[in-house]
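Trainee: Handing over final34.txt, compact mmCIF, C-alpha atoms.
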```
# COMPACT_ATOMS: atom_id res chain seq x y z
CA MET A 1 -14.98 47.49 34.23
CA SER A 2 -16.66 44.90 36.47
CA CYS A 3 -15.41 44.13 40.00
CA SER A 4 -14.44 40.52 39.04
CA ASN A 5 -12.31 41.77 36.13
CA VAL A 6 -10.69 44.41 38.34
CA ARG A 7 -9.84 41.85 41.02
CA LYS A 8 -8.03 39.73 38.46
CA CYS A 9 -6.13 42.82 37.34
CA ILE A 10 -5.22 43.69 40.94
CA TYR A 11 -2.92 40.67 41.19
CA LEU A 12 -1.12 41.77 38.05
CA PHE A 13 -1.32 45.52 38.73
CA ASP A 14 2.42 46.15 38.16
CA GLU A 15 2.34 44.19 34.92
CA LEU A 16 -0.64 46.06 33.42
CA GLU A 17 -0.35 48.38 30.44
CA GLU A 18 -0.70 52.10 31.26
CA GLU A 19 -4.16 52.31 29.74
CA GLU A 20 -5.48 49.31 31.64
CA ARG A 21 -3.95 50.52 34.88
CA ALA A 22 -5.69 53.88 34.44
CA ARG A 23 -9.05 52.10 34.01
CA VAL A 24 -8.45 50.06 37.18
CA ASN A 25 -7.49 53.20 39.09
CA HIS A 26 -10.67 54.84 37.84
CA HIS A 27 -12.66 51.87 39.15
CA PHE A 28 -11.00 52.20 42.59
CA ALA A 29 -12.28 55.74 42.87
CA THR A 30 -15.85 54.44 42.74
CA CYS A 31 -15.45 51.02 44.45
CA PRO A 32 -14.09 50.96 48.03
CA ALA A 33 -14.32 47.11 48.13
CA CYS A 34 -11.91 46.70 45.21
CA GLN A 35 -9.73 49.44 46.70
CA GLY A 36 -9.61 47.31 49.89
CA VAL A 37 -8.61 44.20 47.96
CA TYR A 38 -5.91 46.20 46.24
CA GLN A 39 -4.54 47.33 49.62
CA ARG A 40 -4.60 43.77 50.93
CA VAL A 41 -2.71 42.46 47.91
CA ARG A 42 -0.11 45.21 48.34
CA ASN A 43 0.25 44.23 52.01
CA GLU A 44 0.69 40.58 51.05
CA LYS A 45 3.37 41.56 48.59
CA ASP A 46 5.14 43.62 51.27
CA ILE A 47 5.00 40.70 53.70
CA LEU A 48 6.45 38.32 51.13
CA LYS A 49 9.20 40.77 50.26
CA ARG A 50 10.04 41.27 53.92
CA ALA A 51 10.18 37.54 54.42
CA LEU A 52 11.93 36.44 51.27
CA VAL A 53 13.78 39.27 49.57
CA THR A 54 16.54 39.40 52.20
CA PRO A 55 19.21 37.08 50.79
CA PRO A 56 19.99 34.10 52.99
CA GLY A 57 23.27 34.75 54.80
CA ASN A 58 24.31 31.21 55.64
CA MET A 59 26.23 30.55 52.45
CA ASN A 60 29.90 29.64 52.86
CA SER A 61 31.38 31.65 49.96
CA ALA A 62 34.95 30.37 50.29
CA ARG A 63 33.84 26.73 50.43
CA LEU A 64 31.45 27.17 47.51
CA THR A 65 34.16 28.81 45.36
CA ALA A 66 36.65 26.06 46.27
CA ASN A 67 34.09 23.35 45.44
CA ILE A 68 33.21 24.93 42.11
CA MET A 69 36.85 25.34 41.06
CA ALA A 70 37.72 21.79 42.19
CA ALA A 71 34.75 20.42 40.23
CA ILE A 72 35.83 22.36 37.12
CA ASN A 73 39.42 21.11 37.37
CA HIS A 74 38.10 17.58 37.85
CA GLU A 75 35.89 17.97 34.75
CA GLU A 76 38.89 19.17 32.74
CA GLU A 77 40.95 16.14 33.83
CA ASP A 78 38.06 13.83 33.01
CA GLU A 79 37.79 15.38 29.57
CA ARG A 80 41.52 14.93 28.91
CA SER A 81 41.51 11.31 30.11
CA SER A 82 38.40 10.57 28.08
CA LEU A 83 40.18 11.88 24.95
CA PHE A 84 43.16 9.61 25.74
CA ASP A 85 40.82 6.67 26.33
CA LEU A 86 39.11 7.42 23.06
CA ALA A 87 42.43 7.41 21.18
CA VAL A 88 43.58 4.17 22.84
CA GLY A 89 40.19 2.61 22.27
CA TYR A 90 40.37 3.54 18.60
CA LEU A 91 43.83 2.04 18.24
CA LEU A 92 42.73 -1.16 19.97
CA SER A 93 39.51 -1.44 18.02
CA LYS A 94 39.06 -4.43 15.68
CA PRO A 95 38.92 -2.41 12.41
CA MET A 96 42.14 -0.61 13.40
CA GLN A 97 43.82 -3.95 14.24
CA TYR A 98 42.79 -5.43 10.88
CA SER A 99 44.00 -2.32 9.04
CA LEU A 100 47.41 -2.42 10.75
CA ALA A 101 47.75 -6.17 10.04
CA THR A 102 46.91 -5.61 6.35
CA LEU A 103 49.39 -2.73 6.13
CA SER A 104 52.15 -4.85 7.70
CA LEU A 105 51.46 -7.68 5.27
CA LEU A 106 51.59 -5.32 2.29
CA LEU A 107 54.87 -3.78 3.46
CA GLY A 108 56.33 -7.29 3.90
CA LEU A 109 55.28 -8.27 0.38
CA VAL A 110 56.79 -5.11 -1.11
CA PHE A 111 60.04 -5.70 0.75
CA PHE A 112 60.18 -9.37 -0.35
CA ALA A 113 59.46 -8.49 -4.00
CA GLU A 114 62.12 -5.77 -3.97
CA TYR A 115 64.72 -8.02 -2.33
CA ASN A 116 64.35 -10.81 -4.89
CA GLN A 117 64.38 -8.55 -7.93
CA PRO A 118 67.51 -9.19 -10.18
CA MET A 119 67.85 -5.56 -11.09
CA PRO A 120 71.27 -4.01 -11.92
CA LEU A 121 70.65 -1.31 -9.34
CA ARG A 122 70.82 -3.86 -6.53
CA SER A 123 73.83 -5.76 -7.88
CA ILE A 124 75.95 -2.81 -9.06
CA ALA A 125 75.39 -0.21 -6.39
CA PRO A 126 77.07 -2.16 -3.54
CA GLN A 127 80.07 -2.82 -5.71
CA VAL A 128 80.51 0.86 -6.48
CA GLN A 129 80.08 1.71 -2.82
CA THR A 130 82.56 -1.01 -1.84
CA LYS A 131 85.12 0.29 -4.30
CA GLN A 132 84.76 3.81 -3.00
CA ARG A 133 84.98 2.69 0.60
CA ALA A 134 88.02 0.55 -0.12
CA ALA A 135 89.73 3.44 -1.87
CA GLY A 136 89.01 5.70 1.08
CA VAL A 137 90.42 3.20 3.58
CA ALA A 138 93.56 2.69 1.43
CA LEU A 139 94.11 6.42 1.18
CA ASN A 140 93.66 6.93 4.92
CA SER A 141 96.04 4.09 5.71
CA LYS A 142 98.67 5.44 3.33
CA MET A 143 98.47 8.93 4.81
CA PHE A 144 98.56 7.55 8.30
CA TYR A 145 101.59 5.41 7.56
CA GLN A 146 103.47 8.35 5.96
CA GLU A 147 102.77 10.61 8.92
CA PHE A 148 103.64 7.85 11.39
CA THR A 149 106.99 7.26 9.64
CA ARG A 150 107.73 11.01 9.51
CA MET A 151 107.05 11.42 13.21
CA ARG A 152 109.11 8.37 14.08
CA GLN A 153 112.06 9.64 12.04
CA SER A 154 111.90 13.04 13.65
CA GLY A 155 111.96 11.38 17.09
CA ILE A 156 108.40 12.12 18.19
CA THR A 157 107.07 9.33 20.34
CA THR A 158 103.90 7.87 18.93
CA LYS A 159 102.65 6.82 22.33
CA ALA A 160 101.66 10.37 23.12
CA LEU A 161 99.56 10.68 19.96
CA SER A 162 96.25 9.05 19.32
CA ILE A 163 95.08 7.87 15.92
CA TYR A 164 92.69 10.78 15.89
CA GLN A 165 95.59 13.23 16.41
CA CYS A 166 97.57 11.56 13.61
CA LEU A 167 94.65 11.86 11.25
CA GLN A 168 94.20 15.50 12.24
CA THR A 169 97.87 16.11 11.34
CA CYS A 170 97.44 14.27 8.03
CA GLN A 171 94.53 16.52 7.11
CA PHE A 172 96.57 19.58 8.10
CA HIS A 173 99.43 18.47 5.81
CA LEU A 174 97.03 17.79 2.97
CA MET B 1 25.56 44.47 28.40
CA PRO B 2 28.74 43.77 30.37
CA THR B 3 31.15 46.61 31.20
CA SER B 4 34.60 46.63 29.61
CA THR B 5 36.22 45.05 32.70
CA ASP B 6 33.50 42.39 32.92
CA ARG B 7 33.84 41.75 29.22
CA GLU B 8 37.59 41.32 29.56
CA VAL B 9 37.17 38.83 32.42
CA ILE B 10 34.49 36.93 30.48
CA GLU B 11 36.67 36.81 27.36
CA ARG B 12 39.59 35.45 29.38
CA ALA B 13 37.31 32.84 30.94
CA MET B 14 35.94 31.95 27.50
CA ALA B 15 39.53 31.30 26.40
CA GLY B 16 39.88 28.76 29.23
CA ASP B 17 41.48 30.97 31.92
CA THR B 18 40.36 29.38 35.19
CA LEU B 19 41.56 32.35 37.25
CA ALA B 20 39.26 34.64 35.27
CA PHE B 21 36.43 32.17 35.75
CA ARG B 22 37.15 32.17 39.47
CA GLU B 23 36.59 35.95 39.43
CA LEU B 24 33.20 35.37 37.81
CA VAL B 25 32.36 32.71 40.39
CA GLU B 26 33.28 35.01 43.28
CA LYS B 27 31.22 37.83 41.80
CA HIS B 28 28.05 35.90 40.95
CA GLN B 29 27.92 32.96 43.36
CA GLY B 30 25.98 34.91 45.99
CA PHE B 31 23.16 35.67 43.61
CA ALA B 32 23.16 32.14 42.17
CA PHE B 33 22.91 30.74 45.67
CA SER B 34 20.17 33.13 46.78
CA VAL B 35 18.03 32.34 43.70
CA SER B 36 18.43 28.60 44.16
CA PHE B 37 17.78 28.90 47.90
CA ARG B 38 14.48 30.66 47.20
CA PHE B 39 13.53 27.80 44.93
CA VAL B 40 14.57 24.84 47.06
CA ALA B 41 14.59 26.34 50.62
CA ASN B 42 17.57 24.23 51.66
CA THR B 43 21.16 25.44 52.08
CA THR B 44 22.91 22.22 50.99
CA GLU B 45 20.68 21.74 47.95
CA ALA B 46 21.03 25.43 47.03
CA GLU B 47 24.83 25.19 47.20
CA ASP B 48 24.78 22.03 45.07
CA ILE B 49 22.59 23.74 42.47
CA ALA B 50 24.80 26.86 42.45
CA GLN B 51 27.86 24.63 41.99
CA GLU B 52 26.25 22.68 39.15
CA ALA B 53 25.15 25.96 37.54
CA PHE B 54 28.73 27.25 37.46
CA ILE B 55 30.01 23.96 36.06
CA ARG B 56 27.46 24.24 33.25
CA LEU B 57 28.38 27.88 32.76
CA TRP B 58 32.06 26.89 32.39
CA LYS B 59 31.20 24.14 29.89
CA HIS B 60 29.05 26.38 27.73
CA LEU B 61 31.02 29.62 28.17
CA PRO B 62 32.81 29.29 24.78
CA THR B 63 29.39 29.63 23.10
CA TYR B 64 28.45 32.74 25.11
CA ARG B 65 27.23 35.76 23.13
CA PHE B 66 27.70 39.24 24.58
CA GLU B 67 24.23 40.40 23.48
CA ILE B 68 22.83 38.45 26.45
CA LYS B 69 23.67 39.54 29.98
CA LEU B 70 25.78 36.95 31.80
CA THR B 71 23.43 37.22 34.78
CA THR B 72 20.42 36.44 32.56
CA TRP B 73 22.24 33.39 31.27
CA LEU B 74 23.14 32.34 34.80
CA TYR B 75 19.52 32.93 35.93
CA LYS B 76 18.42 30.64 33.10
CA ILE B 77 20.83 27.88 34.09
CA VAL B 78 19.96 28.15 37.81
CA SER B 79 16.21 28.30 37.12
CA ASN B 80 16.33 25.25 34.86
CA LEU B 81 18.31 23.30 37.44
CA CYS B 82 15.87 24.34 40.17
CA LEU B 83 12.87 23.39 38.04
CA ASP B 84 14.46 20.01 37.33
CA TYR B 85 15.04 19.60 41.05
CA LEU B 86 11.46 20.53 41.93
CA LYS B 87 10.11 18.19 39.28
CA SER B 88 12.38 15.36 40.38
CA ARG B 89 11.20 12.58 42.67
CA HIS B 90 13.32 13.98 45.48
CA GLY B 91 11.80 17.41 45.07
CA ARG B 92 8.30 16.00 45.00
CA ARG B 93 9.04 13.97 48.13
CA ARG B 94 10.33 17.09 49.85
CA ARG B 95 7.16 18.95 48.95
CA GLN B 96 5.03 16.11 50.22
CA TRP B 97 6.89 16.12 53.50
CA SER B 98 6.52 19.83 53.98
CA THR B 99 2.83 20.17 53.35
CA VAL B 100 1.13 23.42 54.16
CA ASP B 101 -0.44 21.90 57.29
CA ASP B 102 3.06 21.82 58.84
CA HIS B 103 2.74 25.54 59.41
CA ASN B 104 0.22 24.93 62.16
CA GLU B 105 2.97 23.27 64.18
CA VAL B 106 5.21 26.34 64.32
CA PRO B 107 3.04 29.41 64.67
CA ALA B 108 5.26 32.48 64.58
CA ALA B 109 3.17 34.24 67.23
CA PHE B 110 4.31 31.83 69.98
CA SER B 111 7.89 33.05 69.90
CA THR B 112 8.95 35.95 72.08
CA ASP B 113 12.43 36.82 70.79
CA ALA B 114 12.13 39.37 67.96
CA SER B 115 14.91 37.97 65.75
CA LEU B 116 13.67 34.41 66.31
CA LEU B 117 10.16 35.55 65.48
CA GLU B 118 11.41 37.08 62.26
CA GLU B 119 13.39 33.95 61.43
CA GLU B 120 10.37 31.71 62.04
CA PHE B 121 8.18 33.99 60.02
CA ARG B 122 10.61 33.83 57.12
CA ALA B 123 10.90 30.05 57.39
CA ASN B 124 7.12 29.69 57.38
CA VAL B 125 6.63 31.96 54.39
CA LEU B 126 9.39 30.06 52.57
CA LYS B 127 7.60 26.82 53.33
CA MET B 128 4.38 28.30 51.97
CA THR B 129 6.03 28.74 48.58
CA GLU B 130 6.31 24.96 48.40
CA ALA B 131 2.57 24.85 47.87
CA LEU B 132 3.13 26.43 44.44
CA THR B 133 3.72 24.41 41.29
CA PRO B 134 7.31 24.53 39.94
CA LYS B 135 6.35 26.98 37.18
CA GLN B 136 4.40 29.23 39.56
CA LYS B 137 7.31 29.18 41.95
CA ALA B 138 9.76 30.03 39.20
CA VAL B 139 7.85 33.10 38.04
CA PHE B 140 7.15 34.12 41.64
CA VAL B 141 10.85 33.92 42.60
CA LEU B 142 12.10 35.68 39.50
CA ARG B 143 9.45 38.38 39.26
CA ASP B 144 8.47 39.13 42.87
CA LEU B 145 11.65 38.28 44.76
CA GLU B 146 14.37 38.93 42.20
CA GLU B 147 12.23 41.76 40.74
CA LEU B 148 13.14 40.99 37.13
CA PRO B 149 11.00 42.48 34.34
CA VAL B 150 8.38 40.18 32.78
CA LYS B 151 10.31 40.16 29.48
CA GLU B 152 13.46 38.84 31.16
CA VAL B 153 11.47 36.26 33.16
CA SER B 154 9.89 35.01 29.94
CA GLU B 155 13.36 34.78 28.33
CA ILE B 156 14.83 32.93 31.30
CA LEU B 157 11.99 30.44 31.55
CA SER B 158 11.38 30.23 27.78
CA MET B 159 7.72 31.11 28.30
CA SER B 160 5.48 33.63 26.60
CA ALA B 161 4.79 36.86 28.53
CA ASN B 162 1.13 35.85 28.85
CA ASN B 163 2.12 32.49 30.29
CA VAL B 164 4.38 34.24 32.79
CA LYS B 165 1.55 36.56 33.83
CA SER B 166 -0.90 33.69 34.14
CA ASN B 167 1.47 31.74 36.41
CA LEU B 168 2.24 34.90 38.36
CA TYR B 169 -1.46 35.57 38.93
CA HIS B 170 -2.06 32.07 40.30
CA ALA B 171 1.11 32.18 42.42
CA ARG B 172 0.16 35.52 44.01
CA LEU B 173 -3.41 34.37 44.56
CA ARG B 174 -2.22 31.16 46.24
CA MET B 175 0.34 32.93 48.40
CA GLY B 176 -2.28 35.52 49.37
CA ASP B 177 -4.66 32.75 50.40
CA LEU B 178 -1.99 31.09 52.52
CA ILE B 179 -0.97 34.33 54.18
CA SER B 180 -4.59 35.01 55.08
CA LYS B 181 -5.14 31.40 56.18
CA TYR B 182 -2.30 31.57 58.66
CA ASN B 183 -3.37 34.99 59.91
CA LEU B 184 -0.33 36.90 58.79
CA ILE B 185 -2.78 39.59 57.64
CA PRO B 186 -6.58 39.64 57.66
CA LYS B 187 -8.30 38.43 54.51
CA ALA B 188 -10.60 40.82 52.64
CA GLU B 189 -14.26 39.94 52.50
CA PRO B 190 -15.22 37.82 49.44
CA LEU B 191 -17.17 39.29 46.57
```
Do you think you could lay out the structure here as structure tokens?
Mentor:
Amino acid sequence: MSCSNVRKCIYLFDELEEEERARVNHHFATCPACQGVYQRVRNEKDILKRALVTPPGNMNSARLTANIMAAINHEEEDERSSLFDLAVGYLLSKPMQYSLATLSLLLGLVFFAEYNQPMPLRSIAPQVQTKQRAAGVALNSKMFYQEFTRMRQSGITTKALSIYQCLQTCQFHL
Amino acid sequence: MPTSTDREVIERAMAGDTLAFRELVEKHQGFAFSVSFRFVANTTEAEDIAQEAFIRLWKHLPTYRFEIKLTTWLYKIVSNLCLDYLKSRHGRRRRQWSTVDDHNEVPAAFSTDASLLEEEFRANVLKMTEALTPKQKAVFVLRDLEELPVKEVSEILSMSANNVKSNLYHARLRMGDLISKYNLIPKAEPL
């Protein structure tokens, strides 16, 4: 191994493969100059470690943690508000406005067509419902009147009873 | 690989638990800060980079895979941010301002107080690292100061092992030259 090759290897001594490192070590045994360079490089490395390996102690841990957590919470809020903005923006967008207008128009047309249709369903159904409702009202009135008369005859004052109470009594008698 | 407790905390943080993430921040912020400080040599900038690194970690945590160490992932984020910083206009301006000639103005030997001497020595050596290119500095910080294996450095910086070694060689050579130039140790005779 030549001295120039060895000196290149010296700078990467810790990264060399075992075999290559053995060859460099063998060269050192016969070359004091390269051995000297090796020692110098080791010294440089020690100096750099002494100067730079010690972690800097001027970090404010509490402040850094607080800043990081505040920034994360802020990011989360931003993300939520951006999703809301996106949804609102989508609703207010032109295509969405046109779609909603078309849908409203269609619903209006369907309603209008249905309303003007002379179908028996429309004309008969209210009559049936009206009859049923009328019958129900007549029945309730009759029951109420009977109960009212009975209470009056038996001397119970009607002022103390509400309509609701009368109806309750009617249901009880039924 | 993370231990069971670490894994539990990471899983909780991945699910969006900010308290669990706070635990991770408290555990790893010191190392994130020290790595970024070695890159940028400025406390405020280093804190900003550490903060940004944790924000990115939080954003990408749901995609985290347990086969990778969390610290390796954090190293990668911090290193990329630091490289971006060094490559940025601001970083370049900083490097221009702190040229290597500045070291002549504050020779460590003039100080008498031992702790001050040590502090000045450290500051000067830190300034010397600014003479390195961003890539050289990255491999130098991760390999020589953080003492990570070459394989991990190549993973963090997305470089081949040979590229890492090449940058490391030039970084060590340059730092050696500067140390000799400013008489921190005597330079060996040339070939």
Trainee: Near chain A, meaning an atom within 9 Å, which residues of chain B appear when counting all atoms listed in the file? Write them as a CSV table (one decimal) with C-alpha atoms, in the frame of the given file.
Mentor:
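File produced: out-v9.csv:
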```csv
chain,number,residue,atom,x,y,z
B,18,THR,CA,40.4,29.4,35.2
B,21,PHE,CA,36.4,32.2,35.8
B,22,ARG,CA,37.2,32.2,39.5
B,25,VAL,CA,32.4,32.7,40.4
B,26,GLU,CA,33.3,35.0,43.3
B,29,GLN,CA,27.9,33.0,43.4
B,30,GLY,CA,26.0,34.9,46.0
B,31,PHE,CA,23.2,35.7,43.6
B,33,PHE,CA,22.9,30.7,45.7
B,34,SER,CA,20.2,33.1,46.8
B,35,VAL,CA,18.0,32.3,43.7
B,37,PHE,CA,17.8,28.9,47.9
B,38,ARG,CA,14.5,30.7,47.2
B,43,THR,CA,21.2,25.4,52.1
B,47,GLU,CA,24.8,25.2,47.2
B,48,ASP,CA,24.8,22.0,45.1
B,50,ALA,CA,24.8,26.9,42.4
B,51,GLN,CA,27.9,24.6,42.0
B,52,GLU,CA,26.2,22.7,39.2
B,54,PHE,CA,28.7,27.2,37.5
B,55,ILE,CA,30.0,24.0,36.1
B,58,TRP,CA,32.1,26.9,32.4
B,59,LYS,CA,31.2,24.1,29.9
B,118,GLU,CA,11.4,37.1,62.3
B,119,GLU,CA,13.4,34.0,61.4
B,121,PHE,CA,8.2,34.0,60.0
B,122,ARG,CA,10.6,33.8,57.1
B,123,ALA,CA,10.9,30.0,57.4
B,124,ASN,CA,7.1,29.7,57.4
B,125,VAL,CA,6.6,32.0,54.4
B,126,LEU,CA,9.4,30.1,52.6
B,144,ASP,CA,8.5,39.1,42.9
B,145,LEU,CA,11.6,38.3,44.8
B,146,GLU,CA,14.4,38.9,42.2
B,149,PRO,CA,11.0,42.5,34.3
B,150,VAL,CA,8.4,40.2,32.8
B,165,LYS,CA,1.6,36.6,33.8
B,166,SER,CA,-0.9,33.7,34.1
B,168,LEU,CA,2.2,34.9,38.4
B,169,TYR,CA,-1.5,35.6,38.9
B,170,HIS,CA,-2.1,32.1,40.3
B,172,ARG,CA,0.2,35.5,44.0
B,173,LEU,CA,-3.4,34.4,44.6
B,175,MET,CA,0.3,32.9,48.4
B,176,GLY,CA,-2.3,35.5,49.4
B,179,ILE,CA,-1.0,34.3,54.2
B,180,SER,CA,-4.6,35.0,55.1
B,184,LEU,CA,-0.3,36.9,58.8
B,185,ILE,CA,-2.8,39.6,57.6
B,186,PRO,CA,-6.6,39.6,57.7
B,187,LYS,CA,-8.3,38.4,54.5
B,188,ALA,CA,-10.6,40.8,52.6
B,189,GLU,CA,-14.3,39.9,52.5
B,191,LEU,CA,-17.2,39.3,46.6
```
Trainee: Rounded to one decimal, what separation in Å do you get between atom CA of Ala32 of chain B and atom CA of Asp84 of chain B?
Mentor: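 It comes out at 15.7 Å.
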Trainee: What is the distance between atom CA of Leu142 of chain B and atom CA of Thr5 of chain B, in Å to one decimal?
Mentor: 26.8 Å
Trainee: Let me know the centre plus edge lengths, in Å and rounded to one decimal, of a box with edges along x, y and z that contains all listed atoms of segment 104-110 of chain A and is padded by 5 Å on every side, as JSON.
Mentor:
```
{"center_x": 54.1, "center_y": -6.0, "center_z": 3.3, "size_x": 15.3, "size_y": 14.5, "size_z": 18.8}
```
Trainee: Nearest to Ala171 of chain B among B:Phe39, B:Phe140, B:Tyr64, B:Trp73, with distances taken over all atoms listed in the file: which residue is it?
Mentor: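 Of B:Phe39, B:Phe140, B:Tyr64, B:Trp73, the one nearest Ala171 of chain B is B:Phe140, counting all atoms listed in the file.
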Trainee: State, in Å with one decimal place, the distance from atom CA of Leu24 of chain B to atom CA of Thr72 of chain B.
Mentor: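 One can read the atom CA of Leu24 of chain B to atom CA of Thr72 of chain B distance as 13.9 Å.
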Trainee: Pick the closest to Met128 of chain B from B:Tyr85, B:Met159, B:Val164, B:Tyr182: which is it, counting all atoms listed in the file?
Mentor: B:Tyr182
Trainee: Just the residues within 10 Å of Ala161 of chain B, please, counting all atoms listed in the file, with nothing from its chain fewer than 5 positions along; format it as a short mmCIF file (atom, residue, chain, number, x, y, z; two decimals) with C-alpha atoms, keeping the file's coordinate frame.
Mentor:
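Everything below was put into around.cif:
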```
data_model
loop_
_atom_site.label_atom_id
_atom_site.label_comp_id
_atom_site.auth_asym_id
_atom_site.auth_seq_id
_atom_site.Cartn_x
_atom_site.Cartn_y
_atom_site.Cartn_z
CA VAL B 150 8.38 40.18 32.78
CA LYS B 151 10.31 40.16 29.48
CA GLU B 152 13.46 38.84 31.16
CA VAL B 153 11.47 36.26 33.16
CA SER B 154 9.89 35.01 29.94
CA GLU B 155 13.36 34.78 28.33
CA SER B 166 -0.90 33.69 34.14
CA ASN B 167 1.47 31.74 36.41
#
```
Trainee: Between B:Arg7, B:Asn183, B:Val141, B:Thr44, which is the closest to Glu67 of chain B once you count all atoms listed in the file?
Mentor: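 Nearest candidate to Glu67 of chain B out of B:Arg7, B:Asn183, B:Val141, B:Thr44: B:Arg7.
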